[in-house]
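S.K.: Handing over final19.tsv, TSV, C-alpha atoms and all ligand atoms.
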```tsv
chain	number	residue	atom	x	y	z
A	1	MET	CA	99.16	71.53	93.13
A	2	SER	CA	98.84	69.29	96.16
A	3	GLY	CA	96.70	66.18	95.79
A	4	MET	CA	97.64	65.50	92.18
A	5	SER	CA	99.82	62.51	91.17
A	6	ASP	CA	103.52	63.04	90.27
A	7	THR	CA	102.72	62.43	86.58
A	8	THR	CA	99.84	64.89	86.68
A	9	GLU	CA	101.98	67.51	88.42
A	10	ALA	CA	104.74	66.98	85.82
A	11	GLN	CA	102.19	67.38	83.01
A	12	ALA	CA	100.89	70.54	84.68
A	13	ARG	CA	104.42	71.97	84.92
A	14	GLN	CA	105.15	71.08	81.29
A	15	THR	CA	101.89	72.62	80.04
A	16	ASN	CA	102.47	75.75	82.09
A	17	GLU	CA	106.05	76.07	80.83
A	18	GLU	CA	104.85	75.62	77.26
A	19	SER	CA	102.32	78.39	77.62
A	20	MET	CA	104.78	80.49	79.71
A	21	LEU	CA	101.93	81.23	82.07
A	22	GLU	CA	101.74	79.93	85.61
A	23	SER	CA	98.79	81.90	86.87
A	24	ILE	CA	95.94	83.97	85.59
A	25	GLN	CA	96.40	87.73	85.81
A	26	HIS	CA	93.10	88.45	87.56
A	27	ASN	CA	91.92	88.49	91.18
A	28	HIS	CA	88.36	87.67	90.11
A	29	LEU	CA	86.48	85.91	87.33
A	30	LEU	CA	83.83	88.42	86.31
A	31	GLY	CA	83.67	87.57	82.61
A	32	LEU	CA	85.76	86.25	79.72
A	33	ALA	CA	85.93	89.63	77.98
A	34	THR	CA	89.20	90.41	79.79
A	35	TYR	CA	90.73	86.91	79.78
A	36	SER	CA	93.49	86.18	77.25
A	37	ARG	CA	93.91	82.97	75.26
A	38	PRO	CA	96.87	81.78	77.42
A	39	GLU	CA	94.78	82.34	80.56
A	40	ILE	CA	91.85	80.39	79.11
A	41	GLU	CA	94.20	77.61	77.99
A	42	LEU	CA	95.72	77.46	81.47
A	43	ILE	CA	92.26	77.09	83.06
A	44	LEU	CA	91.33	74.35	80.55
A	45	SER	CA	94.58	72.42	81.00
A	46	THR	CA	94.19	72.52	84.79
A	47	ALA	CA	90.57	71.37	84.40
A	48	ARG	CA	91.77	68.34	82.40
A	49	GLN	CA	94.06	67.43	85.27
A	50	PHE	CA	91.27	67.81	87.83
A	51	ARG	CA	89.06	65.62	85.65
A	52	GLU	CA	91.44	62.78	86.47
A	53	VAL	CA	90.73	63.36	90.16
A	54	LEU	CA	86.99	63.01	89.44
A	55	ASP	CA	87.61	59.55	87.91
A	56	ARG	CA	89.31	58.26	91.07
A	57	PRO	CA	87.47	56.13	93.67
A	58	ILE	CA	88.15	58.88	96.26
A	59	LYS	CA	87.30	62.09	94.44
A	60	ARG	CA	88.88	64.54	96.84
A	61	VAL	CA	92.18	66.43	97.05
A	62	PRO	CA	93.36	68.76	99.82
A	63	THR	CA	94.16	71.64	97.43
A	64	LEU	CA	91.82	74.24	98.97
A	65	ARG	CA	91.89	73.06	102.59
A	66	GLY	CA	91.37	76.09	104.81
A	67	VAL	CA	89.71	78.16	102.05
A	68	THR	CA	86.08	79.16	102.67
A	69	VAL	CA	83.73	79.70	99.75
A	70	VAL	CA	80.18	81.07	99.89
A	71	ASN	CA	77.79	80.30	97.03
A	72	LEU	CA	75.54	83.35	96.84
A	73	PHE	CA	72.62	82.52	94.56
A	74	PHE	CA	69.92	85.14	94.00
A	75	GLU	CA	68.48	83.24	91.00
A	76	PRO	CA	67.48	79.61	90.48
A	77	SER	CA	70.16	77.18	89.31
A	78	THR	CA	70.65	73.43	89.11
A	79	ARG	CA	73.86	72.76	87.14
A	80	THR	CA	75.98	75.77	88.15
A	81	ARG	CA	75.11	75.66	91.82
A	82	ILE	CA	75.56	71.90	92.28
A	83	SER	CA	78.77	71.79	90.24
A	84	PHE	CA	80.33	74.71	92.16
A	85	GLU	CA	79.41	73.02	95.44
A	86	LEU	CA	80.84	69.68	94.24
A	87	ALA	CA	83.99	71.40	92.94
A	88	GLU	CA	84.51	73.08	96.32
A	89	LYS	CA	83.99	69.81	98.20
A	90	ARG	CA	86.30	67.89	95.82
A	91	LEU	CA	89.00	70.50	96.60
A	92	SER	CA	88.37	70.22	100.39
A	93	ALA	CA	87.25	73.86	100.72
A	94	ASP	CA	84.73	74.84	103.40
A	95	THR	CA	81.46	75.64	101.64
A	96	VAL	CA	78.47	77.75	102.65
A	97	ASN	CA	75.32	78.01	100.54
A	98	PHE	CA	73.11	81.08	100.45
A	99	SER	CA	69.75	81.42	98.68
A	100	ALA	CA	67.94	84.74	98.46
A	101	SER	CA	64.66	83.01	99.33
A	102	GLY	CA	64.53	82.39	103.06
A	103	SER	CA	67.33	84.93	103.73
A	104	SER	CA	67.23	88.49	105.06
A	105	VAL	CA	67.07	89.74	101.44
A	106	SER	CA	63.31	89.14	101.76
A	107	LYS	CA	63.37	91.62	104.71
A	108	GLY	CA	64.96	94.28	102.48
A	109	GLU	CA	68.69	93.75	103.08
A	110	THR	CA	70.78	95.04	100.16
A	111	LEU	CA	73.31	93.04	98.13
A	112	LYS	CA	76.15	95.11	99.60
A	113	ASP	CA	75.02	94.56	103.21
A	114	THR	CA	74.38	90.88	102.60
A	115	ALA	CA	77.85	90.40	101.13
A	116	GLN	CA	79.62	92.44	103.80
A	117	ASN	CA	77.85	90.56	106.59
A	118	ILE	CA	78.79	87.22	105.07
A	119	GLU	CA	82.38	88.37	104.55
A	120	ALA	CA	82.54	89.40	108.23
A	121	MET	CA	82.35	85.64	108.92
A	122	LYS	CA	85.79	85.26	107.18
A	123	ILE	CA	85.01	84.22	103.63
A	124	ASP	CA	87.77	83.92	101.00
A	125	ILE	CA	85.80	83.46	97.76
A	126	VAL	CA	82.25	84.47	96.77
A	127	VAL	CA	80.52	82.65	93.90
A	128	VAL	CA	77.59	84.84	92.88
A	129	ARG	CA	74.61	84.43	90.57
A	130	HIS	CA	72.41	87.51	90.31
A	131	GLN	CA	69.66	88.74	88.03
A	132	SER	CA	71.35	92.15	87.61
A	133	PRO	CA	74.17	92.54	85.06
A	134	GLY	CA	77.21	93.94	86.88
A	135	ALA	CA	76.33	92.60	90.35
A	136	PRO	CA	79.64	90.62	90.57
A	137	HIS	CA	81.62	93.76	89.54
A	138	PHE	CA	79.75	95.72	92.21
A	139	LEU	CA	80.68	93.13	94.86
A	140	THR	CA	84.39	93.58	94.08
A	141	GLN	CA	83.99	97.14	95.39
A	142	CYS	CA	82.20	96.04	98.57
A	143	VAL	CA	84.25	93.09	99.85
A	144	ASP	CA	87.87	91.89	99.84
A	145	ALA	CA	86.98	88.31	98.91
A	146	ALA	CA	87.64	87.06	95.37
A	147	ILE	CA	84.47	87.10	93.25
A	148	ILE	CA	83.49	84.44	90.71
A	149	ASN	CA	80.57	85.27	88.43
A	150	ALA	CA	78.11	82.35	88.20
A	151	GLY	CA	75.85	84.29	85.81
A	152	ASP	CA	74.76	87.94	86.02
A	153	GLY	CA	71.58	88.86	84.16
A	154	ALA	CA	72.15	88.90	80.40
A	155	HIS	CA	75.80	89.94	80.83
A	156	GLU	CA	78.20	86.98	81.27
A	157	HIS	CA	78.35	83.37	82.47
A	158	PRO	CA	82.10	82.73	82.21
A	159	THR	CA	82.33	79.27	83.80
A	160	GLN	CA	79.61	78.02	81.40
A	161	ALA	CA	81.66	79.23	78.43
A	162	LEU	CA	84.83	77.64	79.87
A	163	LEU	CA	83.13	74.27	80.26
A	164	ASP	CA	81.76	74.64	76.73
A	165	LEU	CA	85.28	75.36	75.42
A	166	LEU	CA	86.62	72.31	77.28
A	167	THR	CA	83.88	70.11	75.77
A	168	MET	CA	84.58	71.45	72.27
A	169	THR	CA	88.37	71.04	72.47
A	170	ASP	CA	87.92	67.46	73.79
A	171	ARG	CA	86.01	66.59	70.61
A	172	LEU	CA	87.62	68.85	68.01
A	173	GLY	CA	91.14	69.65	69.24
A	174	PRO	CA	92.34	73.25	68.93
A	175	LEU	CA	89.48	75.58	67.98
A	176	ASP	CA	91.42	77.72	65.46
A	177	GLY	CA	89.22	78.05	62.38
A	178	LYS	CA	86.48	75.81	63.83
A	179	ARG	CA	82.96	77.03	63.11
A	180	VAL	CA	80.53	77.40	65.99
A	181	SER	CA	76.95	78.57	65.50
A	182	ILE	CA	75.05	79.91	68.51
A	183	ILE	CA	71.33	79.65	67.88
A	184	GLY	CA	68.41	81.25	69.68
A	185	ASP	CA	67.80	84.11	72.07
A	186	ILE	CA	71.13	85.95	71.79
A	187	SER	CA	69.75	89.20	73.30
A	188	HIS	CA	68.95	87.66	76.68
A	189	SER	CA	71.89	85.25	76.78
A	190	ARG	CA	74.88	85.61	79.10
A	191	VAL	CA	75.99	82.21	77.80
A	192	ALA	CA	76.19	83.58	74.24
A	193	ARG	CA	78.15	86.66	75.33
A	194	SER	CA	80.75	84.68	77.32
A	195	ASN	CA	81.05	82.10	74.55
A	196	ILE	CA	81.61	84.78	71.92
A	197	HIS	CA	84.50	86.21	73.97
A	198	GLY	CA	85.95	82.75	74.71
A	199	LEU	CA	85.54	81.33	71.20
A	200	LYS	CA	87.03	84.42	69.54
A	201	ALA	CA	90.01	84.29	71.94
A	202	MET	CA	90.54	80.63	70.98
A	203	GLY	CA	90.47	81.38	67.24
A	204	ALA	CA	87.03	79.99	66.35
A	205	GLU	CA	84.63	81.50	63.82
A	206	VAL	CA	81.29	82.36	65.41
A	207	THR	CA	77.90	82.64	63.70
A	208	LEU	CA	74.81	83.86	65.56
A	209	CYS	CA	71.37	82.73	64.37
A	210	GLY	CA	67.90	83.54	65.62
A	211	PRO	CA	64.81	85.67	65.04
A	212	ARG	CA	65.69	89.31	64.27
A	213	THR	CA	63.97	90.30	67.54
A	214	MET	CA	66.49	88.20	69.48
A	215	ILE	CA	69.71	89.43	67.86
A	216	PRO	CA	71.06	92.60	69.54
A	217	PHE	CA	71.70	95.57	67.24
A	218	GLY	CA	75.44	96.01	66.52
A	219	ILE	CA	76.46	92.53	67.77
A	220	ASN	CA	78.46	91.95	64.55
A	221	GLU	CA	80.96	94.49	65.93
A	222	MET	CA	82.11	91.61	68.17
A	223	GLY	CA	83.49	89.94	65.02
A	224	VAL	CA	80.68	87.43	64.51
A	225	ARG	CA	78.58	86.52	61.47
A	226	VAL	CA	74.81	86.92	61.83
A	227	THR	CA	72.08	85.06	59.96
A	228	ASN	CA	68.36	84.50	60.38
A	229	ARG	CA	68.44	81.23	58.39
A	230	LEU	CA	69.13	78.05	60.36
A	231	ASP	CA	70.50	76.09	57.38
A	232	GLU	CA	72.94	78.90	56.64
A	233	ALA	CA	74.14	78.67	60.25
A	234	LEU	CA	74.50	74.86	60.14
A	235	GLU	CA	76.15	74.45	56.71
A	236	GLY	CA	79.88	73.73	57.27
A	237	CYS	CA	79.47	74.18	61.00
A	238	ASP	CA	81.34	72.04	63.59
A	239	VAL	CA	79.23	72.84	66.64
A	240	ALA	CA	75.64	74.06	66.96
A	241	MET	CA	75.05	75.56	70.38
A	242	ALA	CA	71.31	75.96	70.98
A	243	LEU	CA	70.26	78.45	73.66
A	244	ARG	CA	67.29	78.16	75.94
A	245	ILE	CA	64.32	80.37	75.16
A	246	GLN	CA	64.22	82.46	78.34
A	247	LEU	CA	60.56	83.23	78.71
A	248	GLU	CA	61.23	84.63	82.22
A	249	ARG	CA	63.51	87.40	80.82
A	250	GLN	CA	61.35	88.52	77.88
A	251	GLY	CA	59.40	91.73	78.42
A	252	SER	CA	57.21	90.84	75.49
A	253	VAL	CA	56.76	87.91	73.16
A	254	LEU	CA	59.53	88.09	70.57
A	255	PHE	CA	58.23	85.39	68.21
A	256	PRO	CA	54.73	84.18	67.32
A	257	SER	CA	54.67	80.79	69.13
A	258	LEU	CA	56.93	78.09	70.56
A	259	ARG	CA	55.73	75.74	67.80
A	260	GLU	CA	56.76	78.24	65.12
A	261	TYR	CA	60.10	78.84	66.86
A	262	HIS	CA	60.79	75.10	66.80
A	263	GLU	CA	59.82	74.89	63.12
A	264	THR	CA	62.18	77.74	62.16
A	265	PHE	CA	65.09	77.56	64.62
A	266	GLY	CA	64.78	74.19	66.41
A	267	ILE	CA	67.43	71.55	65.60
A	268	LYS	CA	65.68	68.41	64.43
A	269	MET	CA	66.76	64.89	63.39
A	270	HIS	CA	66.85	65.80	59.71
A	271	HIS	CA	69.58	68.35	60.53
A	272	LEU	CA	71.71	65.61	62.13
A	273	HIS	CA	71.20	63.47	59.00
A	274	ARG	CA	72.09	66.35	56.66
A	275	TYR	CA	75.10	67.63	58.66
A	276	GLN	CA	76.85	64.35	59.49
A	277	ASP	CA	79.70	65.78	61.64
A	278	LEU	CA	77.68	68.34	63.54
A	279	LEU	CA	77.95	68.32	67.35
A	280	VAL	CA	75.03	69.71	69.32
A	281	MET	CA	75.45	71.57	72.60
A	282	HIS	CA	73.05	73.26	75.00
A	283	PRO	CA	73.82	74.94	78.35
A	284	GLY	CA	70.57	73.66	79.90
A	285	PRO	CA	67.95	73.56	81.07
A	286	VAL	CA	66.61	72.33	77.70
A	287	ASN	CA	63.05	73.04	76.60
A	288	ARG	CA	62.55	69.74	74.75
A	289	GLY	CA	60.67	70.25	71.50
A	290	VAL	CA	61.55	73.97	71.38
A	291	GLU	CA	65.31	74.58	70.91
A	292	LEU	CA	65.99	70.89	70.22
A	293	ALA	CA	63.75	68.02	69.17
A	294	SER	CA	63.57	65.53	72.01
A	295	GLU	CA	65.35	62.83	69.91
A	296	VAL	CA	68.21	65.28	69.25
A	297	VAL	CA	68.68	65.86	73.01
A	298	ASP	CA	69.19	62.10	73.46
A	299	HIS	CA	71.33	61.62	70.33
A	300	GLU	CA	75.00	60.58	70.69
A	301	ARG	CA	76.11	63.74	68.86
A	302	ALA	CA	74.45	65.87	71.53
A	303	VAL	CA	77.17	66.36	74.17
A	304	ILE	CA	74.98	68.07	76.76
A	305	LEU	CA	75.80	65.72	79.64
A	306	SER	CA	79.54	65.91	78.85
A	307	GLN	CA	79.17	69.67	79.24
A	308	VAL	CA	77.71	69.10	82.71
A	309	THR	CA	80.49	66.67	83.69
A	310	ASN	CA	83.12	69.15	82.51
A	311	GLY	CA	81.44	71.84	84.62
A	312	VAL	CA	82.78	70.34	87.85
A	313	ALA	CA	86.38	70.09	86.56
A	314	VAL	CA	86.30	73.61	85.09
A	315	ARG	CA	84.96	75.09	88.33
A	316	MET	CA	87.65	73.23	90.32
A	317	SER	CA	90.21	74.82	88.03
A	318	VAL	CA	88.73	78.31	88.35
A	319	LEU	CA	88.55	78.02	92.16
A	320	TYR	CA	92.15	76.75	92.25
A	321	HIS	CA	93.51	79.63	90.15
A	322	ILE	CA	91.46	82.33	91.88
A	323	ALA	CA	92.41	81.01	95.33
A	324	GLY	CA	96.07	80.88	94.23
A	325	ILE	CA	96.00	84.58	93.48
A	326	LYS	CA	94.47	85.35	96.86
A	327	ARG	CA	97.11	83.22	98.65
A	328	ASN	CA	99.94	84.98	96.77
A	329	GLU	CA	98.45	88.35	97.67
A	330	SER	CA	98.34	87.60	101.38
A	331	THR	CA	101.86	86.06	101.26
A	332	ASP	CA	103.32	88.95	99.30
A	333	GLY	CA	101.43	91.52	101.33
A	334	ASP	CA	100.32	93.53	98.26
B	1	LIG	N1	73.67	76.31	82.44
B	1	LIG	C1	73.22	76.84	83.59
B	1	LIG	O1	73.65	77.92	84.03
B	1	LIG	O2	72.29	76.07	84.22
B	1	LIG	P1	71.66	76.41	85.65
B	1	LIG	O3	70.80	77.63	85.48
B	1	LIG	O4	70.86	75.18	86.03
B	1	LIG	O5	72.78	76.67	86.61
```
Translate this structure into structure tokens?
Ligand code: CP
M.R.:
Amino acid sequence: MSGMSDTTEAQARQTNEESMLESIQHNHLLGLATYSRPEIELILSTARQFREVLDRPIKRVPTLRGVTVVNLFFEPSTRTRISFELAEKRLSADTVNFSASGSSVSKGETLKDTAQNIEAMKIDIVVVRHQSPGAPHFLTQCVDAAIINAGDGAHEHPTQALLDLLTMTDRLGPLDGKRVSIIGDISHSRVARSNIHGLKAMGAEVTLCGPRTMIPFGINEMGVRVTNRLDEALEGCDVAMALRIQLERQGSVLFPSLREYHETFGIKMHHLHRYQDLLVMHPGPVNRGVELASEVVDHERAVILSQVTNGVAVRMSVLYHIAGIKRNESTDGD
């Protein structure tokens, strides 16, 4: 792993030997549903090493020199887009940014044609956010580049879940038996889906909580507990992960009012007083006064900005592992 210190490289080797895994077994990162615990642990341990790079005065290593990454964003984003771009720059990759607005998509060009035209300019990795579930899977059939899912509709947002797992393990250690409650609009949430896969793989117990209209039918088949009572979700819980109410994805209003939602499902200061060890997380962007009381957002037990910091290190790790696979493929010729 060029650019890391000798100690860091030694730690990386030791960790990899311990887990008996030196690389992930996937060409793409489409979701966490197909990623094993050792693969997730490898990504997190590499992210911890890259986090050291981010604390240096010169926050750049040559690891991905010569690799070209396009960030293909068909939906708005602040955190994911900026942290992918920073991760690519920190790894010395060449980076190209694409937004649907202002592109030829507005003239009717399809996703397939857009991707194939961009790939014709010699791209190695595509990071894609799209409103349609399955768009990253579809791209794997259209282009040879490695695909990283940066959020596809209500399907998956794997790098968000990985940065959430990193933030949780930093605070709690191994997640076996730890209790995590995901609260809010589960039906529309790719963050919830990826976190369920990741948390279950890491041995955590997951509870989902929200209005009945926002809990998908049959979700308990994923091995999660479901409740409509916030106190039941928070009692004995280590982490409360509040989800954004996604008004832009709702076909109809699924609860009477934002004020009532906050009263019933919003995490407020009295919850932090009652549940003294509870950590609060949120993927952002936060609707202050809806999912979380404004004072809770700013409380020291809300680790929302640590999640954002970890996002850069996790995305460096994902890019590193995905690019490694592509390099091995071209070297091995298979
Ligand atoms: N958490 C997250 O995906 O935020 P953005 O939409 O700002 O990227």
S.K.: Using all atoms listed in the file, I'd like a table of the residues in chain A that come within 6 Å of ligand LIG 1 (chain B); for each, show the closest atom pair and its distance in Å rounded to one decimal, ordered by chain and ascending number, as CSV.
M.R.:
```
residue,atom,partner,partner_atom,distance
A:Ser77,CA,B:LIG1,O5,3.8
A:Thr78,CA,B:LIG1,O4,3.5
A:Arg79,CA,B:LIG1,O4,4.0
A:Thr80,CA,B:LIG1,O5,3.7
A:Arg81,CA,B:LIG1,O5,5.8
A:Pro283,CA,B:LIG1,N1,4.3
A:Gly284,CA,B:LIG1,N1,4.8
A:Pro285,CA,B:LIG1,O2,5.9
```
S.K.: Please compute the atom CA of Leu29 of chain A-atom CA of Ile147 of chain A distance, one decimal, in Å.
M.R.: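 Between atom CA of Leu29 of chain A and atom CA of Ile147 of chain A the gap works out to 6.4 Å.
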S.K.: Figure out the distance between atom CA of Thr167 of chain A and atom CA of Asp238 of chain A, please, to one decimal in Å.
M.R.: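 Atom-to-atom, atom CA of Asp238 of chain A to atom CA of Thr167 of chain A, that is 12.6 Å.
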S.K.: Given the choices A:Gly151, A:Pro76, A:Gly203, A:Gly102, which gets closest to Leu175 of chain A if the distance is worked out from all atoms listed in the file?
M.R.: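 Among the listed residues, the smallest separation from Leu175 of chain A belongs to A:Gly203.
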S.K.: For His26 of chain A, which residue among A:Ala146, A:Ser104, A:Phe217, A:Phe50 is the nearest when counting only C-alpha atoms?
M.R.: A:Ala146
S.K.: Could you work out how far atom CA of Ile182 of chain A lies from atom CA of Val126 of chain A, giving the answer in Å with one decimal?
M.R.: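 Interatomic distance here is 29.5 Å.
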S.K.: Each residue of segment 66-140 of chain A with at least one atom at most 12 Å from segment 183-193 of chain A should appear once, together with its nearest atom pair and the corresponding distance in Å (one decimal); atoms considered: only C-alpha atoms; ordering: chain, then increasing residue number; output as CSV.
M.R.:
```
residue,atom,partner,partner_atom,distance
A:Arg129,CA,A:Arg190,CA,11.5
A:His130,CA,A:Arg190,CA,11.6
A:Gln131,CA,A:Arg190,CA,10.8
A:Ser132,CA,A:Arg190,CA,11.3
A:Pro133,CA,A:Arg190,CA,9.2
A:Gly134,CA,A:Arg190,CA,11.6
```
S.K.: Enumerate, as a list in words, the protein, DNA and RNA residues whose atoms approach (63.5, 79.8, 63.9) to within 7 Å, taking into account only C-alpha atoms and the coordinate frame of the file.
M.R.: Gly210, Pro211, Leu230, Tyr261, His262, Glu263, Thr264, Phe265 and Gly266 of chain A
S.K.: Compile a residue-level contact table for segment 107-182 of chain A against segment 66-74 of chain A at a cut-off of 9 Å, reporting for every qualifying residue the shortest atom pair and its distance in Å to one decimal, with all atoms listed in the file counted, rows ordered by chain and ascending number, as a tab-separated table.
M.R.:
```
residue	atom	partner	partner_atom	distance
A:Ala115	CA	A:Leu72	CA	8.6
A:Ile118	CA	A:Val70	CA	8.2
A:Glu119	CA	A:Val70	CA	8.9
A:Lys122	CA	A:Thr68	CA	7.6
A:Ile123	CA	A:Thr68	CA	5.3
A:Asp124	CA	A:Thr68	CA	5.3
A:Ile125	CA	A:Val69	CA	4.7
A:Val126	CA	A:Val70	CA	5.1
A:Val127	CA	A:Asn71	CA	4.8
A:Val128	CA	A:Leu72	CA	4.7
A:Arg129	CA	A:Phe73	CA	4.9
A:His130	CA	A:Phe74	CA	5.0
A:Gln131	CA	A:Phe74	CA	7.0
A:Ala150	CA	A:Phe73	CA	8.4
```
S.K.: Calculated over only C-alpha atoms, which of the candidates A:Gln116, A:Ser181, A:Ser317, A:Asn220 has the smallest distance to Ile267 of chain A?
M.R.: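 Among the listed residues, the smallest separation from Ile267 of chain A belongs to A:Ser181.
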S.K.: Could you tell me which of A:Met241, A:Cys142, A:Ile215, A:Ile40 comes closest to Arg179 of chain A if we count all atoms listed in the file?
M.R.: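 Closest candidate: A:Met241.
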S.K.: Smallest atom-to-atom distance to Leu272 of chain A: which of A:Leu254, A:Arg244, A:Ser103, A:Leu234, using all atoms listed in the file?
M.R.: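 Among the listed residues, A:Leu234 lies closest to Leu272 of chain A.
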S.K.: Restricting the calculation to only C-alpha atoms: of A:Lys59, A:Lys107, A:His28, A:His321, which residue gets closest to Phe138 of chain A?
M.R.: A:His28
S.K.: Arg225 of chain A: which residues within 7 Å, counting all atoms listed in the file, same-chain residues fewer than 6 positions away excluded, as a PyMOL selection string?
M.R.: chain A and resi 206-208
S.K.: Find the residues around Arg259 of chain A up to 12 Å (only C-alpha atoms counted), leave out those fewer than 6 positions away in its own chain, and share them as an mmCIF file with C-alpha atoms, in the frame of the given file.
M.R.:
```cif
data_model
loop_
_atom_site.group_PDB
_atom_site.id
_atom_site.type_symbol
_atom_site.label_atom_id
_atom_site.label_comp_id
_atom_site.auth_asym_id
_atom_site.auth_seq_id
_atom_site.Cartn_x
_atom_site.Cartn_y
_atom_site.Cartn_z
ATOM 1 C CA PHE A 265 65.090 77.560 64.620
ATOM 2 C CA GLY A 266 64.780 74.190 66.410
ATOM 3 C CA ASN A 287 63.050 73.040 76.600
ATOM 4 C CA ARG A 288 62.550 69.740 74.750
ATOM 5 C CA GLY A 289 60.670 70.250 71.500
ATOM 6 C CA VAL A 290 61.550 73.970 71.380
ATOM 7 C CA GLU A 291 65.310 74.580 70.910
ATOM 8 C CA LEU A 292 65.990 70.890 70.220
ATOM 9 C CA ALA A 293 63.750 68.020 69.170
#
```
S.K.: If you take every atom of segment 262-276 of chain A that the file lists and fit an axis-aligned box around them with 4 Å extra on each side, what centre and edge lengths come out in Å to one decimal, as lines of an AutoDock Vina configuration file?
M.R.:
```
center_x = 68.3
center_y = 70.6
center_z = 61.7
size_x = 25.0
size_y = 22.3
size_z = 18.1
```
S.K.: Please, which residues are within 10 Å of (78.5, 72.9, 79.3) by the file's coordinates, counting all atoms listed in the file, and could they come as an MDAnalysis selection string?
M.R.: chainID A and resid 79:80 159:168 191 241 281:284 303:312 314
S.K.: With a distance cut-off of 7 Å and only C-alpha atoms, select the neighbouring residues of Arg229 of chain A, excluding the residue or stretch itself and same-chain residues fewer than 3 positions from it, and output the selection as number ranges by chain.
M.R.: A: 209, 232-233
